[in-house]
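Reviewing the structure listed below.
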Amino acid sequence: AGRVFAVEANEQAAQLARENIERRGFSDVITVLEGFSSDITLPDGIKADFCVAEIVGSIATEEGAYATVVDAHARLLKRPELSSSWIPCQIQTYGAPVSYTLHNMFGPPEFDWNKLKGEPVRFNCRDKGLE
């Protein structure tokens with residue numbers, strides 16, 4: 001690749017990436033952009049030829065994967081309509097847990113499940129309540 005942009009939301013991971021890139025002699029090719037992909041733009045308004053998303057967890061919607069990938073396609077890619085311009089080119093959940101270890105955080109009396117009105121509970125990396 002002639003030019004690579006790495007997007008990293010975690011400040012410490014971004015710094016470590018920069019140090020490794022420098023140490024390996026790729027600073028002229030790889031630029032680390034710190035922040036969420038939905039909050040950044042590529043320098044000089046350029047668009048990428050290819051995108052690799054690392055955000056997919058065990059459920060397709062985990063970490064807001066779908067919305068994040070759709071946003072990146074629309075704003076950051078030259079040809080988002082081509083499935084060959086991004087990885088993963090498809091995400092799908094075949095089954096989802098009905099119980100998980102975080103359930104004790106929302107047990108009575110701390111959380112009133114009726115407030116959800118039947119909507120599923122979703123967490124993402126921006127949810128400060130899980131820290």
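Every chain in the structure tokens takes a letter, A first, then B, and so on in the order presented; its residues are numbered from 1, and the ligands are numbered from 1 following the presented order.
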With only C-alpha atoms as the counted atoms, please give the residues lying no more than 9 Å from A:Phe36, apart from itself and same-chain residues fewer than 2 positions off, as a list in words. Val7, Glu8, Ala9, Asn10, Leu33, Glu34, Ser38, Asp39, Ile40 and Thr68 of chain A
DSSP on the backbone, then: every residue of stretch 11-99 of chain A marked alpha helix (DSSP H), written as a PyMOL selection string. chain A and resi 11-24+65-76
What's the 8 Å shell around stretch 73-77 of chain A, counting only C-alpha atoms, without same-chain residues fewer than 4 positions away, as a list in words? Thr41, Leu42, Ile46, Lys47, Ala48, Asp49, Phe50, Cys51, Val69 and Ser85 of chain A
Nearby residues (only C-alpha atoms) at most 10 Å from A:Glu54, same-chain spacing under 5 positions excluded, as number ranges by chain: A: 65, 87-88
Selection export as a PDB file, in the first residue's frame, atoms kept: all heavy atoms:
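Heads up, here's the output in out14.pdb:
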ATOM      1  N   ALA A  65     -21.257  -2.179  15.544  1.00  0.00           N
ATOM      2  CA  ALA A  65     -20.534  -2.570  14.330  1.00  0.00           C
ATOM      3  C   ALA A  65     -21.253  -2.173  13.052  1.00  0.00           C
ATOM      4  O   ALA A  65     -20.651  -1.591  12.152  1.00  0.00           O
ATOM      5  CB  ALA A  65     -20.259  -4.073  14.341  1.00  0.00           C
ATOM      6  N   ILE A  87     -13.445  -5.352   4.486  1.00  0.00           N
ATOM      7  CA  ILE A  87     -13.487  -6.589   5.274  1.00  0.00           C
ATOM      8  C   ILE A  87     -13.927  -6.195   6.679  1.00  0.00           C
ATOM      9  O   ILE A  87     -13.354  -5.267   7.248  1.00  0.00           O
ATOM     10  CB  ILE A  87     -12.102  -7.259   5.348  1.00  0.00           C
ATOM     11  CG1 ILE A  87     -11.653  -7.736   3.970  1.00  0.00           C
ATOM     12  CG2 ILE A  87     -12.113  -8.420   6.331  1.00  0.00           C
ATOM     13  CD1 ILE A  87     -10.266  -8.344   3.951  1.00  0.00           C
ATOM     14  N   PRO A  88     -14.901  -6.839   7.282  1.00  0.00           N
ATOM     15  CA  PRO A  88     -15.685  -7.922   6.711  1.00  0.00           C
ATOM     16  C   PRO A  88     -16.712  -7.372   5.714  1.00  0.00           C
ATOM     17  O   PRO A  88     -17.205  -6.264   5.874  1.00  0.00           O
ATOM     18  CB  PRO A  88     -16.391  -8.527   7.923  1.00  0.00           C
ATOM     19  CG  PRO A  88     -16.521  -7.390   8.887  1.00  0.00           C
ATOM     20  CD  PRO A  88     -15.315  -6.521   8.652  1.00  0.00           C
TER      21      PRO A  88
END
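If you look at atom CA of A:Asp71 and atom CA of A:Ser37, they are 8.2 Å away from each other.
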Just want the 6 Å neighbourhood of stretch 16-31 of chain A, counted on only C-alpha atoms, with same-chain residues fewer than 4 positions away dropped. Output as a count of residues only. 3
